[in-house]
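Take a look at the structure below.
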Amino acid sequence: MSDKMTRDPAKDDRLILVDALDRETGLATKEEIHRRGLLHRAFSVLLTENGPDGPRFLMARRAPDKYHCAGLWANSCCSHPRAGETVREAALRRVREELGCGVRDPREIGAFLYRASFADGLTEYEYDHVLLAAPAGEPCPDPREIDAVRWVSAAELSDLLAREPETFCPWAFTVFSMALRECCGIQTEKTKE
């Protein structure tokens with residue numbers, strides 16, 4: 001049993017269970033979902049702004065007391081809609097709670113399914129909606145959620161993902177690659193066909 005999960009103030013939040021097509025199948029507590037590895041709806045917000053050399057992205061390092069992936073880098077904000085809450089509503093709420101700022105022009109750029117198991121017995125199994133947004137105000141992270149933030153250019157982000165993969169959460173690779181393609185117009189060989 002993860003002591004950090006039992007101390008999570010949101011462990012009793014009722015979250016949305018889904019199937020592989022993101023259709024709602026029921027509800028369960030956050031703690032039950034992560035202990036049993038149940039597929040649930042989630043979102044990843046990545047704040048972006050125009051820098052002198054193109055788009056910049058706000059990475060967030062998870063706080064040391066997070067129930068998994070503590071101290072690893074991820075996108076700006078990650079969380080789950082609660083029962084009766086849309087992805088957009090939840091994203092606006094959690095960015096304000098975690099980063100202390102609002103967002104402008106949030107837009108979903110895609111979604112993906114992933115599963116990751118951790119040493120403490122917890123499992124993330126998520127249908128993750130990815131949103132890009134501009135910050136509305138200066139981020140001021142809640143230290144219980146985020147240990148540090150860092151603005152990086154597309155080139156810096158690409159380099160960090162390749163050079164230091166062990167410093168990132170499992171879902172960050174997909175979130176960041178989706179954002180880089182969306183914001184930088186990068187095409188893969190498959191999309192060029």
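Naming scheme: A, B, ... for chains in displayed order of the structure tokens; residues 1 onward per chain; ligands 1 onward as shown.
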
All residues 9 Å or closer to A:Leu161, only C-alpha atoms, same chain fewer than 5 positions away omitted, as a list in words:
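Surrounding residues, per the criterion: Glu156, Glu166, Thr167, Phe168, Ala172, Phe173 and Phe176 of chain A.
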
Name the residues in contact with A:Trp171 at a cut-off of 8 Å, using only C-alpha atoms, excluding same-chain residues fewer than 4 positions from it; report them as a VMD selection string.
chain A and resid 74 114 175

Output C-alpha atoms of each residue in that selection to a file, as a compact mmCIF listing (two decimals), in the first residue's frame.
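And here's out13.txt as it stands now:
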```txt
# COMPACT_ATOMS: atom_id res chain seq x y z
CA ALA A 74 5.85 16.33 -17.12
CA TYR A 114 -1.49 4.56 -21.97
CA VAL A 175 2.10 14.66 -24.71
```

Using only C-alpha atoms, which of the listed residues (A:Ser177, A:Pro143, A:Gly137, A:Ser158) sits closest to A:Glu49?
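Comparing A:Ser177, A:Pro143, A:Gly137, A:Ser158 against A:Glu49, the winner is A:Gly137.
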
Could you give me, as a list in words, the residues within 7 Å of A:His34, counting only C-alpha atoms and dropping anything in the same chain fewer than 2 positions from it?
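Answer for this query is Lys30, Glu31, Glu32, Arg36, Gly37, Leu38, Leu122, Thr123 and Glu124 of chain A.
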
Generate the output file for the selected residues, C-alpha atoms, as an mmCIF file, in the first residue's frame.
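This is the output file part03.cif:
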```cif
data_model
loop_
_atom_site.group_PDB
_atom_site.id
_atom_site.type_symbol
_atom_site.label_atom_id
_atom_site.label_comp_id
_atom_site.auth_asym_id
_atom_site.auth_seq_id
_atom_site.Cartn_x
_atom_site.Cartn_y
_atom_site.Cartn_z
ATOM 1 C CA LYS A 30 -9.141 7.917 -7.398
ATOM 2 C CA GLU A 31 -7.526 5.556 -4.906
ATOM 3 C CA GLU A 32 -9.447 2.505 -6.151
ATOM 4 C CA ARG A 36 -6.703 -1.691 -9.319
ATOM 5 C CA GLY A 37 -5.361 -0.209 -12.572
ATOM 6 C CA LEU A 38 -8.787 0.754 -13.952
ATOM 7 C CA LEU A 122 -0.062 1.733 -8.265
ATOM 8 C CA THR A 123 -1.028 1.767 -11.944
ATOM 9 C CA GLU A 124 -1.969 4.590 -14.290
#
```

I'd like to know which of A:Asp128, A:Asp8, A:Glu108, A:Asp13 is closest to A:Glu182, using only C-alpha atoms.
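Of all the options, A:Glu108 lies closest to A:Glu182.
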
One decimal, Å: what's the distance from atom CA of A:Ala90 over to atom CA of A:Pro165, could you say?
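Atom CA of A:Ala90 sits 28.4 Å away from atom CA of A:Pro165.
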